[in-house]
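Here is the file start26.cif (mmCIF, C-alpha atoms).
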data_structure
loop_
_atom_site.label_atom_id
_atom_site.label_comp_id
_atom_site.auth_asym_id
_atom_site.auth_seq_id
_atom_site.Cartn_x
_atom_site.Cartn_y
_atom_site.Cartn_z
CA MET M 1 14.21 -5.34 19.19
CA THR M 2 12.69 -7.24 16.25
CA SER M 3 15.69 -6.38 14.08
CA LEU M 4 18.04 -7.74 16.72
CA LEU M 5 16.06 -10.93 17.30
CA SER M 6 15.68 -11.52 13.55
CA ARG M 7 19.43 -12.13 13.35
CA LEU M 8 19.02 -15.01 15.77
CA PHE M 9 15.76 -16.59 14.61
CA ILE M 10 15.21 -15.79 10.90
CA LYS M 11 17.24 -17.51 8.21
CA ASP M 12 17.77 -15.69 4.92
CA ARG M 13 16.31 -12.61 6.63
CA ASN M 14 17.18 -10.25 3.76
CA ASN M 15 14.99 -12.12 1.26
CA THR M 16 11.93 -10.03 2.11
CA THR M 17 10.01 -11.08 -1.03
CA SER M 18 9.80 -14.65 0.28
CA PRO M 19 6.41 -15.39 1.92
CA LYS M 20 8.19 -17.66 4.40
CA VAL M 21 10.60 -14.91 5.49
CA ARG M 22 7.80 -12.34 5.66
CA GLY M 23 5.79 -14.72 7.81
CA ALA M 24 8.72 -15.21 10.17
CA TYR M 25 9.18 -11.44 10.53
CA GLY M 26 5.47 -10.90 11.14
CA MET M 27 5.27 -13.59 13.79
CA LEU M 28 8.38 -12.32 15.55
CA PHE M 29 7.12 -8.73 15.49
CA GLY M 30 3.73 -9.84 16.80
CA ALA M 31 5.25 -11.92 19.60
CA VAL M 32 7.45 -9.02 20.76
CA GLY M 33 4.45 -6.68 20.65
CA ILE M 34 2.30 -9.04 22.74
CA PHE M 35 4.99 -9.38 25.40
CA LEU M 36 5.75 -5.66 25.73
CA ASN M 37 2.10 -4.57 25.68
CA ILE M 38 1.10 -7.05 28.39
CA LEU M 39 4.02 -5.80 30.49
CA LEU M 40 2.96 -2.18 30.03
CA PHE M 41 -0.67 -3.05 30.74
CA GLY M 42 0.23 -4.50 34.13
CA PHE M 43 2.27 -1.49 35.23
CA LYS M 44 -0.22 1.10 33.93
CA LEU M 45 -3.24 -0.67 35.41
CA ALA M 46 -1.55 -0.67 38.79
CA ALA M 47 -0.75 3.03 38.40
CA GLY M 48 -4.32 3.81 37.32
CA LEU M 49 -5.89 1.95 40.22
CA ILE M 50 -3.54 3.58 42.72
CA SER M 51 -4.09 7.11 41.39
CA GLY M 52 -7.76 6.81 40.42
CA SER M 53 -6.95 8.37 37.02
CA ILE M 54 -9.37 7.48 34.24
CA ALA M 55 -6.79 8.55 31.64
CA ILE M 56 -4.10 6.22 33.02
CA THR M 57 -6.53 3.31 33.34
CA ALA M 58 -7.80 3.90 29.80
CA ASP M 59 -4.20 4.02 28.59
CA ALA M 60 -3.60 0.66 30.30
CA LEU M 61 -6.64 -0.84 28.57
CA ASN M 62 -5.28 0.55 25.32
CA ASN M 63 -2.14 -1.53 25.87
CA ILE M 64 -4.08 -4.75 26.38
CA ALA M 65 -5.97 -3.96 23.18
CA ASP M 66 -2.59 -3.48 21.50
CA SER M 67 -1.67 -6.99 22.62
CA GLY M 68 -4.70 -8.21 20.74
CA SER M 69 -3.61 -6.17 17.72
CA SER M 70 -0.15 -7.76 17.86
CA ALA M 71 -1.79 -11.19 18.11
CA VAL M 72 -3.88 -10.39 15.02
CA THR M 73 -0.71 -9.33 13.17
CA LEU M 74 1.02 -12.56 14.21
CA ILE M 75 -1.90 -14.74 13.11
CA GLY M 76 -2.35 -12.72 9.90
CA PHE M 77 1.25 -13.27 8.83
CA LYS M 78 1.02 -16.95 9.75
CA LEU M 79 -2.10 -17.47 7.62
CA ALA M 80 -0.78 -15.29 4.80
CA GLY M 81 2.22 -17.61 4.53
CA LYS M 82 0.04 -20.63 3.71
CA LYS M 83 0.76 -22.20 0.35
CA PRO M 84 -1.73 -21.94 -2.53
CA ASP M 85 -4.45 -24.55 -2.63
CA PRO M 86 -7.21 -25.53 -5.10
CA THR M 87 -9.59 -22.99 -3.54
CA HIS M 88 -7.04 -20.15 -3.43
CA PRO M 89 -4.60 -20.76 -6.32
CA PHE M 90 -2.95 -17.36 -5.82
CA GLY M 91 -2.17 -18.04 -2.16
CA HIS M 92 -3.39 -16.33 1.01
CA GLY M 93 -1.17 -13.25 0.98
CA ARG M 94 -4.02 -10.75 1.22
CA LEU M 95 -4.71 -11.98 4.74
CA GLU M 96 -1.78 -9.77 5.71
CA TYR M 97 -3.83 -6.78 4.55
CA VAL M 98 -6.90 -8.12 6.34
CA SER M 99 -4.96 -8.37 9.61
CA GLY M 100 -3.86 -4.76 9.18
CA LEU M 101 -7.48 -3.72 8.67
CA ILE M 102 -8.52 -5.52 11.87
CA VAL M 103 -5.79 -3.69 13.77
CA ALA M 104 -7.00 -0.37 12.31
CA MET M 105 -10.58 -1.15 13.37
CA ALA M 106 -9.34 -1.96 16.88
CA ILE M 107 -7.59 1.42 17.03
CA ILE M 108 -10.80 3.23 16.05
CA LEU M 109 -12.87 1.25 18.56
CA MET M 110 -10.46 2.10 21.36
CA GLY M 111 -10.64 5.78 20.37
CA PHE M 112 -14.44 5.75 20.63
CA GLU M 113 -14.41 3.98 23.98
CA LEU M 114 -11.82 6.35 25.42
CA GLY M 115 -13.73 9.37 24.10
CA ILE M 116 -17.00 8.27 25.72
CA THR M 117 -15.30 7.56 29.05
CA SER M 118 -13.44 10.89 29.02
CA VAL M 119 -16.59 12.91 28.23
CA LYS M 120 -18.37 11.26 31.16
CA LYS M 121 -15.41 12.18 33.38
CA ILE M 122 -15.75 15.84 32.41
CA PHE M 123 -19.17 15.98 34.05
CA ASN M 124 -18.25 13.66 36.93
CA PRO M 125 -14.64 14.46 37.85
CA THR M 126 -12.77 12.52 40.52
CA GLU M 127 -9.68 13.43 42.51
CA ILE M 128 -6.40 11.96 41.28
CA ASP M 129 -3.64 10.73 43.58
CA PHE M 130 -0.17 11.83 42.54
CA SER M 131 3.11 9.97 43.10
CA VAL M 132 6.59 9.84 41.61
CA LEU M 133 6.10 6.13 40.88
CA ILE M 134 3.18 6.89 38.56
CA ILE M 135 5.25 9.48 36.68
CA VAL M 136 8.12 7.00 36.30
CA ILE M 137 5.77 4.28 34.97
CA LEU M 138 4.29 6.64 32.37
CA ALA M 139 7.73 7.91 31.32
CA VAL M 140 9.06 4.38 30.87
CA SER M 141 5.93 3.46 28.90
CA ILE M 142 6.55 6.37 26.52
CA CYS M 143 10.13 5.21 25.90
CA VAL M 144 9.07 1.59 25.28
CA LYS M 145 6.29 2.58 22.87
CA LEU M 146 8.59 4.96 21.02
CA SER M 147 11.09 2.15 20.49
CA MET M 148 8.25 -0.11 19.27
CA PHE M 149 7.16 2.58 16.81
CA ILE M 150 10.68 3.04 15.40
CA ASP M 151 11.16 -0.73 15.19
CA GLY M 152 7.78 -1.22 13.49
CA LEU M 153 8.28 1.64 11.04
CA HIS M 154 11.67 0.26 10.01
CA LEU M 155 10.25 -3.23 9.53
CA ALA M 156 7.15 -1.97 7.67
CA LYS M 157 9.40 -0.14 5.22
CA LYS M 158 11.66 -3.16 4.82
CA LEU M 159 8.74 -5.52 4.12
CA ASP M 160 6.42 -2.93 2.51
CA SER M 161 3.76 -4.17 4.93
CA PRO M 162 0.55 -2.19 5.62
CA ALA M 163 -0.22 -4.51 8.56
CA ILE M 164 3.01 -3.74 10.39
CA LYS M 165 2.68 -0.07 9.46
CA ALA M 166 -0.78 -0.04 11.08
CA THR M 167 0.68 -1.57 14.24
CA ALA M 168 3.52 0.98 14.22
CA THR M 169 0.91 3.74 13.83
CA ASP M 170 -0.82 2.36 16.89
CA SER M 171 2.46 2.58 18.82
CA ILE M 172 3.05 6.24 18.00
CA SER M 173 -0.58 6.90 18.95
CA ASP M 174 0.23 5.38 22.32
CA VAL M 175 3.29 7.62 22.65
CA VAL M 176 1.12 10.70 22.15
CA ALA M 177 -1.66 9.29 24.33
CA THR M 178 0.63 8.47 27.26
CA SER M 179 2.42 11.82 26.92
CA VAL M 180 -0.92 13.62 27.20
CA VAL M 181 -1.82 11.46 30.21
CA LEU M 182 1.51 12.29 31.84
CA VAL M 183 1.07 16.03 31.29
CA SER M 184 -2.57 15.99 32.43
CA THR M 185 -1.61 14.06 35.58
CA ILE M 186 0.98 16.68 36.49
CA ILE M 187 -1.43 19.55 35.73
CA SER M 188 -4.16 17.95 37.83
CA ARG M 189 -1.72 17.66 40.73
CA PHE M 190 -0.89 21.37 40.87
CA THR M 191 -4.14 22.99 39.65
CA ASP M 192 -7.91 22.59 40.01
CA PHE M 193 -8.31 22.14 36.26
CA ASN M 194 -9.87 18.78 35.24
CA ALA M 195 -6.95 18.00 32.90
CA ASP M 196 -7.38 14.25 33.26
CA ALA M 197 -10.75 14.17 31.49
CA TRP M 198 -9.84 16.73 28.83
CA GLY M 199 -6.53 14.98 28.22
CA GLY M 200 -8.45 11.74 27.67
CA CYS M 201 -10.63 13.50 25.06
CA ALA M 202 -7.55 14.80 23.25
CA VAL M 203 -6.01 11.34 23.24
CA ALA M 204 -9.25 9.83 21.92
CA LEU M 205 -9.32 12.24 18.97
CA PHE M 206 -5.72 11.49 18.10
CA ILE M 207 -6.32 7.73 18.27
CA LEU M 208 -9.37 8.06 16.00
CA TYR M 209 -7.33 10.03 13.47
CA SER M 210 -4.54 7.44 13.56
CA GLY M 211 -7.08 4.64 13.09
CA TYR M 212 -8.55 6.42 10.08
CA ASN M 213 -5.12 6.70 8.42
CA ALA M 214 -4.30 3.08 9.20
CA THR M 215 -7.62 2.00 7.67
CA LYS M 216 -6.83 3.83 4.42
CA ASP M 217 -3.43 2.15 4.19
CA THR M 218 -4.92 -1.34 4.52
CA VAL M 219 -8.15 -0.94 2.56
CA SER M 220 -6.43 0.47 -0.53
CA PRO M 221 -4.45 -2.70 -1.46
CA LEU M 222 -7.52 -4.84 -0.73
CA LEU M 223 -9.54 -2.79 -3.23
CA GLY M 224 -6.78 -2.97 -5.82
CA GLN M 225 -4.54 0.10 -5.77
CA LYS M 226 -2.20 1.04 -8.59
CA PRO M 227 1.38 -0.25 -8.29
CA SER M 228 4.15 2.00 -7.04
CA ASP M 229 5.99 4.19 -9.54
CA GLU M 230 9.21 2.45 -8.52
CA LEU M 231 7.82 -0.97 -9.47
CA VAL M 232 6.43 0.30 -12.79
CA LYS M 233 9.76 1.90 -13.68
CA GLY M 234 11.58 -1.30 -12.74
CA ILE M 235 9.31 -3.42 -14.96
CA ASN M 236 9.60 -1.03 -17.92
CA ALA M 237 13.38 -0.84 -17.53
CA ILE M 238 13.82 -4.62 -17.58
CA VAL M 239 11.45 -5.21 -20.52
CA SER M 240 12.68 -2.28 -22.61
CA ALA M 241 16.33 -3.21 -22.09
CA ASP M 242 15.99 -6.03 -24.64
CA PRO M 243 16.61 -4.69 -28.18
CA ALA M 244 13.83 -6.92 -29.52
CA VAL M 245 11.21 -4.91 -27.59
CA LEU M 246 10.12 -1.79 -29.47
CA GLY M 247 7.51 -0.61 -26.95
CA VAL M 248 5.57 -1.58 -23.83
CA HIS M 249 1.89 -1.01 -23.12
CA ASP M 250 -1.16 -2.45 -21.31
CA LEU M 251 0.86 -3.06 -18.14
CA ILE M 252 -1.28 -4.46 -15.32
CA VAL M 253 -0.06 -5.52 -11.87
CA HIS M 254 -2.28 -7.89 -9.89
CA ASP M 255 -1.51 -7.84 -6.15
CA TYR M 256 -2.40 -11.02 -4.27
CA GLY M 257 -0.43 -10.00 -1.19
CA PRO M 258 3.17 -8.89 -0.56
CA GLY M 259 5.56 -11.04 -2.56
CA ARG M 260 2.71 -12.41 -4.70
CA LEU M 261 2.51 -10.13 -7.73
CA ILE M 262 1.31 -11.19 -11.17
CA VAL M 263 2.36 -8.85 -13.98
CA SER M 264 0.86 -8.84 -17.47
CA LEU M 265 1.89 -6.55 -20.32
CA HIS M 266 2.10 -6.24 -24.08
CA ALA M 267 5.53 -5.95 -25.70
CA GLU M 268 5.75 -4.58 -29.24
CA VAL M 269 8.18 -6.55 -31.42
CA SER M 270 9.17 -6.35 -35.05
CA ALA M 271 6.78 -8.16 -37.38
CA SER M 272 9.68 -8.97 -39.69
CA ALA M 273 11.78 -10.66 -36.96
CA ASP M 274 12.04 -14.41 -36.45
CA MET M 275 9.06 -15.20 -34.20
CA LEU M 276 10.71 -18.21 -32.56
CA GLU M 277 13.77 -16.18 -31.63
CA THR M 278 11.61 -13.29 -30.41
CA HIS M 279 9.49 -15.65 -28.35
CA ASP M 280 12.64 -17.02 -26.73
CA ARG M 281 13.70 -13.46 -25.83
CA ILE M 282 10.29 -12.78 -24.27
CA ASP M 283 10.61 -15.95 -22.18
CA ASN M 284 13.96 -14.71 -20.90
CA ILE M 285 12.44 -11.35 -19.98
CA GLU M 286 9.68 -13.10 -18.00
CA ARG M 287 12.29 -15.06 -16.06
CA GLU M 288 14.33 -11.92 -15.40
CA LEU M 289 11.26 -10.13 -14.01
CA ALA M 290 10.61 -13.07 -11.69
CA GLU M 291 14.22 -13.15 -10.45
CA LYS M 292 14.71 -9.40 -9.95
CA LEU M 293 11.24 -8.25 -8.88
CA GLY M 294 9.80 -11.41 -7.35
CA CYS M 295 6.74 -11.47 -9.60
CA HIS M 296 5.13 -13.87 -12.05
CA ALA M 297 5.07 -12.21 -15.47
CA VAL M 298 2.98 -12.91 -18.56
CA ILE M 299 4.02 -11.01 -21.70
CA HIS M 300 1.92 -10.82 -24.86
CA MET M 301 3.85 -10.14 -28.08
CA ASP M 302 2.41 -7.49 -30.40
CA PRO M 303 4.04 -7.66 -33.85
CA VAL M 304 4.32 -4.18 -35.38
CA VAL M 305 5.47 -3.00 -38.77
CA ASP M 306 8.74 -1.18 -38.18
CA ASP M 307 10.15 -1.06 -41.72
CA ASP M 308 7.52 1.19 -43.33
CA GLU M 309 8.51 4.86 -43.11
CA ASN M 310 5.03 6.12 -43.98
CA VAL M 311 3.41 4.12 -41.15
CA ALA M 312 6.05 5.24 -38.64
CA GLU M 313 5.75 8.89 -39.68
CA THR M 314 1.93 8.85 -39.60
CA ARG M 315 1.91 7.18 -36.20
CA GLU M 316 4.13 9.90 -34.74
CA LYS M 317 1.97 12.63 -36.29
CA VAL M 318 -1.21 11.12 -34.81
CA ALA M 319 0.41 10.75 -31.38
CA SER M 320 1.55 14.39 -31.47
CA LEU M 321 -1.93 15.62 -32.45
CA LEU M 322 -3.53 13.77 -29.54
CA ARG M 323 -0.98 15.13 -27.04
CA GLU M 324 -1.21 18.70 -28.29
CA HIS M 325 -4.97 19.04 -28.83
CA ILE M 326 -6.61 16.63 -26.37
CA ASP M 327 -4.29 15.68 -23.46
CA GLN M 328 -0.51 15.41 -23.28
CA ARG M 329 -0.78 12.13 -21.34
CA LEU M 330 -2.53 10.25 -24.14
CA THR M 331 -0.47 7.50 -25.75
CA ILE M 332 -1.19 5.19 -28.67
CA HIS M 333 -0.12 1.66 -29.58
CA ASP M 334 -0.89 -1.17 -32.04
CA PHE M 335 -0.89 1.37 -34.88
CA ARG M 336 -1.77 0.05 -38.34
CA MET M 337 -2.78 1.54 -41.70
CA VAL M 338 -5.16 -0.26 -44.04
CA VAL M 339 -5.27 1.44 -47.43
CA GLY M 340 -8.48 1.16 -49.50
CA PRO M 341 -9.66 2.59 -52.82
CA THR M 342 -11.61 5.46 -51.23
CA HIS M 343 -10.15 5.88 -47.74
CA THR M 344 -7.41 4.68 -45.38
CA ASN M 345 -8.22 3.23 -41.97
CA LEU M 346 -5.87 4.26 -39.18
CA ILE M 347 -6.32 1.51 -36.60
CA PHE M 348 -4.85 2.01 -33.15
CA ASP M 349 -5.48 1.89 -29.39
CA VAL M 350 -5.46 4.99 -27.17
CA VAL M 351 -4.52 4.77 -23.48
CA VAL M 352 -6.71 7.20 -21.48
CA PRO M 353 -6.00 8.15 -17.83
CA PHE M 354 -8.93 7.60 -15.46
CA ASP M 355 -9.23 11.27 -14.55
CA ILE M 356 -10.15 12.23 -18.12
CA LYS M 357 -13.93 12.38 -17.90
CA THR M 358 -14.69 12.75 -21.60
CA ASP M 359 -16.64 9.70 -22.79
CA ASP M 360 -15.18 7.42 -25.47
CA GLY M 361 -17.69 8.55 -28.10
CA GLU M 362 -16.69 12.19 -27.77
CA LEU M 363 -12.99 11.28 -27.79
CA LEU M 364 -13.47 9.28 -30.97
CA ARG M 365 -15.16 12.24 -32.67
CA GLU M 366 -12.31 14.55 -31.62
CA ILE M 367 -9.69 12.11 -32.87
CA GLY M 368 -11.56 11.64 -36.14
CA VAL M 369 -11.53 15.39 -36.79
CA LEU M 370 -7.82 15.68 -35.89
CA ILE M 371 -6.54 12.94 -38.19
CA LYS M 372 -8.45 14.40 -41.14
CA THR M 373 -6.19 17.45 -40.80
CA LEU M 374 -3.42 15.09 -41.93
CA ASP M 375 -5.36 13.66 -44.85
CA GLU M 376 -9.06 13.86 -45.74
CA SER M 377 -9.05 10.16 -46.68
CA TYR M 378 -8.00 9.06 -43.18
CA PHE M 379 -10.64 7.34 -41.04
CA ALA M 380 -10.08 6.56 -37.33
CA VAL M 381 -10.74 3.06 -35.98
CA VAL M 382 -9.93 3.36 -32.28
CA ASP M 383 -10.09 1.16 -29.20
CA PHE M 384 -9.77 2.87 -25.80
CA ASP M 385 -7.70 1.42 -22.98
CA ARG M 386 -7.38 2.67 -19.40
CA ALA M 387 -4.06 3.26 -17.67
CA TYR M 388 -3.81 0.81 -14.75
CA VAL M 389 -0.40 2.08 -13.62
#
Show how you would write the structure in this file as structure tokens.
Amino acid sequence: MTSLLSRLFIKDRNNTTSPKVRGAYGMLFGAVGIFLNILLFGFKLAAGLISGSIAITADALNNIADSGSSAVTLIGFKLAGKKPDPTHPFGHGRLEYVSGLIVAMAIILMGFELGITSVKKIFNPTEIDFSVLIIVILAVSICVKLSMFIDGLHLAKKLDSPAIKATATDSISDVVATSVVLVSTIISRFTDFNADAWGGCAVALFILYSGYNATKDTVSPLLGQKPSDELVKGINAIVSADPAVLGVHDLIVHDYGPGRLIVSLHAEVSASADMLETHDRIDNIERELAEKLGCHAVIHMDPVVDDDENVAETREKVASLLREHIDQRLTIHDFRMVVGPTHTNLIFDVVVPFDIKTDDGELLREIGVLIKTLDESYFAVVDFDRAYV
């Protein structure tokens, strides 16, 4: 439904990197969710009161809670679309993640409440009235929630939005929950088994699990997760496409909310090239990154000696030694050789993945031993970087 309505109410709807467009999508999705959940709440509450089913009534309350979740999503997108101000110069985009976290917390709270109510019902069962109308209401509710899940999942993928994904997760939880309620209602009608209470417990566990997954998806970007491989490849491809760039390292992506990325990196350039011309090329690359990936880019130029065969050959030998004898993922950059009367300093940076637990002191000792296999006069002067992508 949101996709259909977006054609009527959202201009430039395919520009999903625009905060304004994202805000419009979020508000439309939230408004549709509020309307449908209130509608379902009314029908299910009536069915629950008529039948006396705790599972149906709890499912109805779940829908009214979902209305609140949709309202949170709507408000979150609205606030996230606010322009930067002196207090928040990077904008308010992370409020979209915060709204997703609130929705996830609401899912978990509902799971706890339903679990407590269902456990009480196990020890104090009540008779459930059965009617075709109740079955029809539950079946229609399943179809509506399934459509909301599909719609939300499609939009979450389109916008890369954890908040909408959390709301979509809530919808599929409702599909499972209402399906269990439907089955337990039918079982309770034809048997003496207290399926209503046990079905409520099963639904509660599923809702808790869904809330846990939704929480992970929203907390991770708030804490500062690594960028996607697709984004990293896209950045490297654009930067490396310019012949003036000899290498890329120290890439960091700062996420201030969807559509608000700040990228910083070091680009190795020839030390013998015209610096003004090279600087102009780097400026063009920054603009290209902004146009194609919707990010603000800052590129630091690292001049490297590329016309000395001995330096180039030694650099490759050192890189190979590190990959073969320490870890194949290690990379080096900013390689220089300073020749003295008694020894030669090999000065370079080593990029170390976070899952390598060896401390920097031990790594330096290992590297020092390795490069002396090339020449006894070599001495390692190393700085260690961490891979942020």
For segment 93-97 of chain M, I'd like the enclosing box, axis-aligned and padded by 6 Å on every side, reported as AutoDock Vina command-line options with centre and edge lengths in Å to one decimal.
--center_x -2.9 --center_y -10.0 --center_z 3.3 --size_x 15.5 --size_y 18.5 --size_z 16.7
What's the separation between atom CA of Ala166 of chain M and atom CA of Lys83 of chain M, in Å to one decimal place?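 Atom CA of Lys83 of chain M lies 24.7 Å from atom CA of Ala166 of chain M.
With only C-alpha atoms as the atoms that count, the minimum distance from Ile116 of chain M to the choices M:Ala204, M:Val338, M:Ala31, M:Tyr388 is reached by M:Ala204.
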If you measure from atom CA of Ile150 of chain M to atom CA of Ala168 of chain M, what distance in Å do you get, rounded to one decimal?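 Computed distance, atom CA of Ile150 of chain M to atom CA of Ala168 of chain M, equals 7.5 Å.
Every protein or nucleic acid residue with an atom no more than 9 Å from Arg336 of chain M, counting only C-alpha atoms and leaving out same-chain residues fewer than 3 positions away, appears here: M:Val304, M:Val305, M:Val311, M:Arg315, M:Asn345, M:Leu346, M:Ile347, M:Phe348.
Neighbourhood of point (-1.2, 0.6, -22.3): residues with an atom at most 7 Å away, counting all atoms listed in the file, are His249, Asp250, Leu251, Val351, Asp385 and Ala387 of chain M.
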For a quick check of understanding, using all atoms listed in the file, which of M:Leu289, M:Ile187, M:Thr331, M:Val318 has the smallest distance to Val248 of chain M?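 Among the listed residues, the smallest separation from Val248 of chain M belongs to M:Thr331.
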List the residues matched by the PyMOL selection byres ((chain M and resi 261) around 10) in the displayed structure as a PyMOL selection string, ordered by chain and then by residue number. chain M and resi 90+93+227+253-260+262-264+290+293-297
Report the distance between atom CA of Glu268 of chain M and atom CA of Ile252 of chain M in Å, rounded to one decimal place. 15.6 Å
Could you write out as a list in words the residues that the PyMOL selection byres ((chain M and resi 340-343) around 7) matches in the shown file? Val338, Val339, Thr344, Asn345, Ser377, Tyr378 and Phe379 of chain M
Between M:Arg329, M:Ser272, M:Thr169, M:Val382, which has the minimum distance to His154 of chain M (counting all atoms listed in the file)?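 Closest to His154 of chain M of all the choices is M:Thr169.
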Identify, on the basis of all atoms listed in the file, every residue whose closest approach to segment 237-247 of chain M does not exceed 9 Å; exclude the query and any residue fewer than 3 positions from it along the same chain; express the result as a list in words. Val232, Lys233, Gly234, His266, Ala267, Glu268, Val269, Ser270, Ala273, Thr278, Arg281, Ile282, Ile285, Glu286, Glu288, Leu289, Val304, Asp306 and His333 of chain M
Exercise: residues within 12 Å of coordinate (-16.8, 15.4, 33.1), counting all atoms listed in the file, as a ChimeraX atom specification: /M:54,115-127,193-201
Report as a compact mmCIF listing (two decimals) with C-alpha atoms, in the frame of the given file all protein, DNA and RNA residues lying within 8 Å of Leu95 of chain M, evaluated on all atoms listed in the file, omitting residues in the same chain fewer than 6 positions from it.
# COMPACT_ATOMS: atom_id res chain seq x y z
CA GLY M 76 -2.35 -12.72 9.90
CA PHE M 77 1.25 -13.27 8.83
CA LEU M 79 -2.10 -17.47 7.62
CA ALA M 80 -0.78 -15.29 4.80
CA GLY M 257 -0.43 -10.00 -1.19
Pick from M:Gly30, M:Ala104, M:Ser171, M:Thr178 nearest to Tyr212 of chain M, counting all atoms listed in the file: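 Selected residue with least distance to Tyr212 of chain M: M:Ala104.
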Residues selected by the PyMOL selection byres ((chain M and resi 142) around 12), written as JSON, numbers by chain: {"M": [37, 40, 44, 59, 63, 135, 136, 137, 138, 139, 140, 141, 143, 144, 145, 146, 147, 148, 149, 171, 172, 173, 174, 175, 176, 177, 178, 179, 180, 181, 182]}
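Residue nearest Val219 of chain M within the list M:His300, M:His279, M:Arg94, M:Arg386: M:Arg94 [criterion: smallest interatomic distance, all atoms listed in the file].
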Between M:Leu321, M:Val298, M:Ile38, M:Val103, which residue has the minimum interatomic distance to Thr218 of chain M, considering all atoms listed in the file? M:Val103
